[in-house]
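Structure file data-v1.cif; described as mmCIF, C-alpha atoms.
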data_my_file
#
loop_
_atom_site.label_atom_id
_atom_site.label_comp_id
_atom_site.auth_asym_id
_atom_site.auth_seq_id
_atom_site.Cartn_x
_atom_site.Cartn_y
_atom_site.Cartn_z
CA MET A 37 80.31 94.28 81.45
CA ALA A 38 80.20 92.16 84.62
CA GLY A 39 82.55 93.24 87.37
CA LYS A 40 83.39 96.62 85.83
CA ILE A 41 82.16 100.08 86.76
CA ARG A 42 80.98 102.25 83.88
CA LEU A 43 83.37 105.14 84.37
CA GLU A 44 83.06 108.55 82.84
CA ASP A 45 85.43 109.47 80.04
CA ARG A 46 88.32 110.39 82.31
CA GLU A 47 91.85 109.14 81.93
CA CYS A 48 92.73 109.22 85.62
CA PRO A 49 91.23 106.15 87.35
CA LEU A 50 91.05 108.04 90.66
CA SER A 51 89.03 110.84 89.11
CA ALA A 52 86.77 108.40 87.27
CA THR A 53 86.18 106.27 90.37
CA LEU A 54 85.38 109.32 92.49
CA GLY A 55 82.80 110.24 89.87
CA VAL A 56 81.00 107.02 90.85
CA VAL A 57 81.60 106.68 94.61
CA GLY A 58 83.06 110.03 95.68
CA GLU A 59 79.87 111.60 96.99
CA TRP A 60 79.75 111.09 100.75
CA TRP A 61 76.15 109.82 100.82
CA THR A 62 77.20 107.08 98.40
CA LEU A 63 79.94 105.82 100.70
CA LEU A 64 77.58 105.89 103.68
CA ILE A 65 74.95 103.89 101.77
CA LEU A 66 77.60 101.32 100.86
CA HIS A 67 78.74 101.22 104.50
CA ASP A 68 75.16 100.49 105.58
CA ALA A 69 74.90 97.80 102.89
CA PHE A 70 78.04 96.16 104.32
CA ASP A 71 76.27 96.18 107.70
CA GLY A 72 73.33 94.29 106.20
CA TYR A 73 70.87 97.04 105.32
CA THR A 74 69.01 96.32 102.08
CA ARG A 75 65.77 98.28 102.11
CA PHE A 76 65.07 101.88 101.20
CA ASP A 77 63.42 102.64 104.54
CA GLN A 78 66.37 101.14 106.46
CA PHE A 79 68.87 103.33 104.62
CA GLN A 80 66.65 106.39 105.00
CA GLU A 81 66.04 105.87 108.72
CA ASN A 82 69.64 105.08 109.59
CA LEU A 83 71.23 107.83 107.49
CA ARG A 84 68.46 110.41 107.94
CA ILE A 85 68.74 111.14 104.22
CA SER A 86 66.04 112.69 102.06
CA SER A 87 64.14 110.29 99.83
CA SER A 88 65.16 112.19 96.68
CA ILE A 89 68.88 112.02 97.47
CA LEU A 90 68.61 108.37 98.49
CA THR A 91 66.71 107.52 95.31
CA SER A 92 69.35 109.26 93.21
CA ARG A 93 72.27 107.54 94.96
CA LEU A 94 70.65 104.10 94.80
CA ARG A 95 70.02 104.63 91.08
CA THR A 96 73.71 105.51 90.59
CA LEU A 97 74.87 102.51 92.63
CA THR A 98 72.61 100.08 90.75
CA GLY A 99 73.42 101.69 87.40
CA ASN A 100 77.12 101.17 88.03
CA GLY A 101 76.66 97.58 89.15
CA LEU A 102 77.55 98.07 92.83
CA LEU A 103 74.07 97.19 94.10
CA GLU A 104 71.40 94.99 92.57
CA ARG A 105 67.74 96.01 92.87
CA ARG A 106 65.53 93.01 93.72
CA ARG A 107 61.78 92.91 94.23
CA TYR A 108 60.88 91.38 97.59
CA GLN A 109 57.15 92.23 97.61
CA THR A 110 54.33 92.82 95.16
CA HIS A 111 51.12 94.82 95.72
CA PRO A 112 52.68 97.27 96.26
CA ASP A 113 56.02 96.57 94.65
CA ARG A 114 58.88 96.85 97.12
CA TYR A 115 62.56 96.46 96.34
CA GLU A 116 65.72 95.73 98.24
CA TYR A 117 69.25 96.72 97.28
CA VAL A 118 71.83 93.96 97.58
CA LEU A 119 75.58 94.32 97.17
CA THR A 120 76.99 92.76 94.03
CA GLU A 121 80.43 91.19 93.86
CA LEU A 122 81.69 94.50 92.48
CA GLY A 123 80.06 96.38 95.36
CA ARG A 124 81.53 93.99 97.93
CA SER A 125 84.97 94.61 96.42
CA LEU A 126 84.79 98.19 97.76
CA ARG A 127 84.67 97.04 101.39
CA PRO A 128 88.46 97.19 101.91
CA VAL A 129 88.44 100.77 100.60
CA ILE A 130 85.71 101.84 103.03
CA VAL A 131 87.36 99.96 105.93
CA THR A 132 90.65 101.70 105.14
CA LEU A 133 88.98 105.13 105.00
CA ALA A 134 87.30 104.54 108.37
CA ALA A 135 90.59 103.34 109.88
CA TRP A 136 92.39 106.40 108.55
CA GLY A 137 89.75 108.61 110.18
CA ASN A 138 90.07 106.72 113.47
CA SER A 139 93.85 107.06 113.41
CA ARG A 140 93.40 110.82 113.77
CA LEU A 141 91.35 110.40 116.96
CA ASP A 142 92.29 109.48 120.49
CA PRO A 143 91.13 105.90 121.17
CA GLU A 144 88.40 107.08 123.57
CA GLN A 145 86.93 109.33 120.83
CA ARG A 146 86.28 106.50 118.37
CA SER A 147 82.61 105.64 117.93
CA MET A 148 83.26 102.67 115.63
CA ILE A 149 86.28 100.39 115.41
CA LEU A 150 87.23 97.40 113.28
CA VAL A 151 87.68 94.18 115.26
CA ASP A 152 88.55 90.57 114.56
CA ARG A 153 85.20 88.71 114.53
CA GLU A 154 86.62 85.75 116.50
CA THR A 155 88.69 87.52 119.15
CA GLY A 156 87.10 90.95 119.38
CA THR A 157 90.57 92.48 119.18
CA GLU A 158 90.82 95.82 117.39
CA VAL A 159 92.73 95.56 114.13
CA GLU A 160 94.68 98.10 112.10
CA PRO A 161 94.14 97.60 108.38
CA VAL A 162 96.91 98.37 105.91
CA VAL A 163 96.99 98.24 102.13
CA VAL A 164 99.44 95.72 100.71
CA ASP A 165 100.54 94.47 97.32
CA ARG A 166 98.73 91.16 96.70
CA ARG A 167 101.75 89.51 95.07
CA THR A 168 104.46 90.46 97.57
CA GLY A 169 102.50 91.27 100.74
CA ARG A 170 104.50 94.50 101.08
CA GLU A 171 102.75 97.56 102.50
CA LEU A 172 102.04 100.19 99.84
CA ASP A 173 104.15 103.07 101.05
CA PRO A 174 105.23 106.07 98.95
CA GLU A 175 108.91 105.25 99.33
CA ASN A 176 108.59 101.95 97.46
CA PHE A 177 105.47 102.28 95.32
CA VAL A 178 104.58 105.05 92.87
CA PHE A 179 102.10 105.57 90.05
CA ALA A 180 103.35 105.09 86.51
CA ALA A 181 101.75 105.52 83.10
CA GLY A 182 99.76 102.49 82.02
CA PRO A 183 99.35 100.98 78.56
CA ALA A 184 96.42 103.24 77.65
CA ALA A 185 98.02 106.45 78.95
CA SER A 186 97.90 109.59 76.84
CA GLU A 187 101.05 111.54 76.08
CA ILE A 188 100.19 113.95 78.89
CA MET A 189 99.90 111.08 81.37
CA ARG A 190 103.10 109.47 80.07
CA ASN A 191 104.96 112.76 80.51
CA ARG A 192 103.55 113.20 84.01
CA TYR A 193 104.91 109.82 85.08
CA ALA A 194 108.01 109.65 82.85
CA GLU A 195 110.39 109.46 85.80
CA ALA A 196 108.10 107.56 88.17
CA ALA A 197 109.16 103.97 87.66
CA PRO A 198 112.49 103.70 85.84
CA ARG A 199 112.63 99.89 86.17
CA ARG A 200 109.11 99.21 84.91
CA PRO A 201 108.77 95.77 83.31
CA THR A 202 107.51 95.43 79.75
CA PRO A 203 104.37 93.40 78.97
CA GLY A 204 106.56 90.34 78.32
CA GLY A 205 107.92 90.58 81.86
CA GLN A 206 111.41 91.76 80.87
CA ARG A 207 112.94 95.06 81.95
#
Represent the supplied structure as structure tokens.
Amino acid sequence: MAGKIRLEDRECPLSATLGVVGEWWTLLILHDAFDGYTRFDQFQENLRISSSILTSRLRTLTGNGLLERRRYQTHPDRYEYVLTELGRSLRPVIVTLAAWGNSRLDPEQRSMILVDRETGTEVEPVVVDRRTGRELDPENFVFAAGPAASEIMRNRYAEAAPRRPTPGGQR
């Protein structure tokens, strides 16, 4: 099941995803991994997290394929936790969450900002549709029932997208 999170038996993808990454320690561990941390003691020292909570979260992250546990030392065995492709795919989500938080602060109150690596200029991330490049705003984009939706989900979104294309691409 490469590249897919093992989600709980929940129909809503938001609910299922939050079951995997919704705990705040989990997002902070991933954030540290994006910053290059790989070892248990690095995560623990930086986050000031208890070893039992960190162990539990790392187990969840490796079990769901977001981190890979690799031995880097024997006698005693020591492991590092490296982002997988699936784990790296969460970076835009975490960047967007951080940017949203910063947007609620005055610029002088921000302790961390996102900058262009080459210019050092602060950037403002937005979420866009990959195909059209259009920003995902609620006026133009809404949720609709997908192919596997239950009757309850179909009823919930019955009026959401009246011009939804069929699988063959026709309306």
For this session: Find the distance between atom CA of Arg140 of chain A and atom CA of Val163 of chain A and write it in Å to one decimal.
Result: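 Taking atom CA of Arg140 of chain A as the start and atom CA of Val163 of chain A as the end point, the length is 17.5 Å.
Comparing the minimum interatomic distances between Leu102 of chain A and each of A:Ala184, A:Ala69, A:Leu90, A:Val129, counting all atoms listed in the file, we find that A:Ala69 sits nearest.
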Exercise. Of the candidates A:Glu104, A:Tyr117, A:Phe76, A:Pro143, which one gets nearest to Ser88 of chain A if we count only C-alpha atoms?
Worked result: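 Nearest candidate to Ser88 of chain A out of A:Glu104, A:Tyr117, A:Phe76, A:Pro143: A:Phe76.
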For this session: Compare A:Gly169, A:Pro174, A:Thr110, A:Pro161 by their minimum atom-to-atom distance to Arg127 of chain A, counting only C-alpha atoms, and give me the closest one.
Result: A:Pro161
For this session: Find the residue from A:Gln145, A:Thr98, A:Asn191, A:Thr62 that sits nearest to Ile85 of chain A; use all atoms listed in the file when measuring.
Result: A:Thr62
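Distance annotation: of A:Asp113, A:Met189, A:Ile149, A:Val178, the residue with the minimal separation from Ala134 of chain A is A:Ile149; atom set is all atoms listed in the file.
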Where atoms are missing, can you supply N, CA and C atoms for segment 141-164 of chain A and output the lot as a compact mmCIF listing (two decimals), in the frame of the given file?
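Everything below was put into selection-v7.txt:
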# COMPACT_ATOMS: atom_id res chain seq x y z
N LEU A 141 92.07 110.18 115.70
CA LEU A 141 91.35 110.40 116.96
C LEU A 141 92.05 109.70 118.10
N ASP A 142 91.86 110.22 119.30
CA ASP A 142 92.29 109.48 120.49
C ASP A 142 91.40 108.25 120.60
N PRO A 143 91.93 107.13 121.10
CA PRO A 143 91.13 105.90 121.17
C PRO A 143 89.77 106.08 121.85
N GLU A 144 89.67 106.90 122.87
CA GLU A 144 88.40 107.08 123.57
C GLU A 144 87.39 107.91 122.77
N GLN A 145 87.82 108.53 121.67
CA GLN A 145 86.93 109.33 120.83
C GLN A 145 86.33 108.53 119.67
N ARG A 146 86.72 107.30 119.50
CA ARG A 146 86.28 106.50 118.37
C ARG A 146 84.91 105.89 118.64
N SER A 147 83.97 106.17 117.76
CA SER A 147 82.61 105.64 117.93
C SER A 147 82.43 104.29 117.24
N MET A 148 83.34 103.93 116.36
CA MET A 148 83.26 102.67 115.63
C MET A 148 84.69 102.20 115.39
N ILE A 149 84.95 100.94 115.65
CA ILE A 149 86.28 100.39 115.41
C ILE A 149 86.14 99.08 114.65
N LEU A 150 87.20 98.66 114.00
CA LEU A 150 87.23 97.40 113.28
C LEU A 150 87.86 96.36 114.20
N VAL A 151 87.17 95.23 114.38
CA VAL A 151 87.68 94.18 115.26
C VAL A 151 87.68 92.85 114.54
N ASP A 152 88.53 91.95 115.02
CA ASP A 152 88.55 90.57 114.56
C ASP A 152 87.27 89.90 115.06
N ARG A 153 86.49 89.31 114.17
CA ARG A 153 85.20 88.71 114.53
C ARG A 153 85.35 87.63 115.60
N GLU A 154 86.45 86.86 115.55
CA GLU A 154 86.62 85.75 116.50
C GLU A 154 87.12 86.20 117.86
N THR A 155 88.06 87.15 117.88
CA THR A 155 88.69 87.52 119.15
C THR A 155 88.17 88.82 119.74
N GLY A 156 87.55 89.65 118.90
CA GLY A 156 87.10 90.95 119.38
C GLY A 156 88.21 91.96 119.50
N THR A 157 89.41 91.60 119.09
CA THR A 157 90.57 92.48 119.18
C THR A 157 90.52 93.51 118.06
N GLU A 158 90.78 94.77 118.41
CA GLU A 158 90.82 95.82 117.39
C GLU A 158 91.96 95.54 116.44
N VAL A 159 91.72 95.77 115.15
CA VAL A 159 92.73 95.56 114.13
C VAL A 159 93.05 96.87 113.44
N GLU A 160 94.23 96.93 112.85
CA GLU A 160 94.68 98.10 112.10
C GLU A 160 94.90 97.69 110.66
N PRO A 161 93.96 98.01 109.77
CA PRO A 161 94.14 97.60 108.38
C PRO A 161 95.24 98.39 107.69
N VAL A 162 95.92 97.73 106.78
CA VAL A 162 96.91 98.37 105.91
C VAL A 162 96.66 97.88 104.49
N VAL A 163 97.12 98.63 103.53
CA VAL A 163 96.99 98.24 102.13
C VAL A 163 98.31 97.63 101.70
N VAL A 164 98.23 96.43 101.12
CA VAL A 164 99.44 95.72 100.71
C VAL A 164 99.33 95.28 99.25
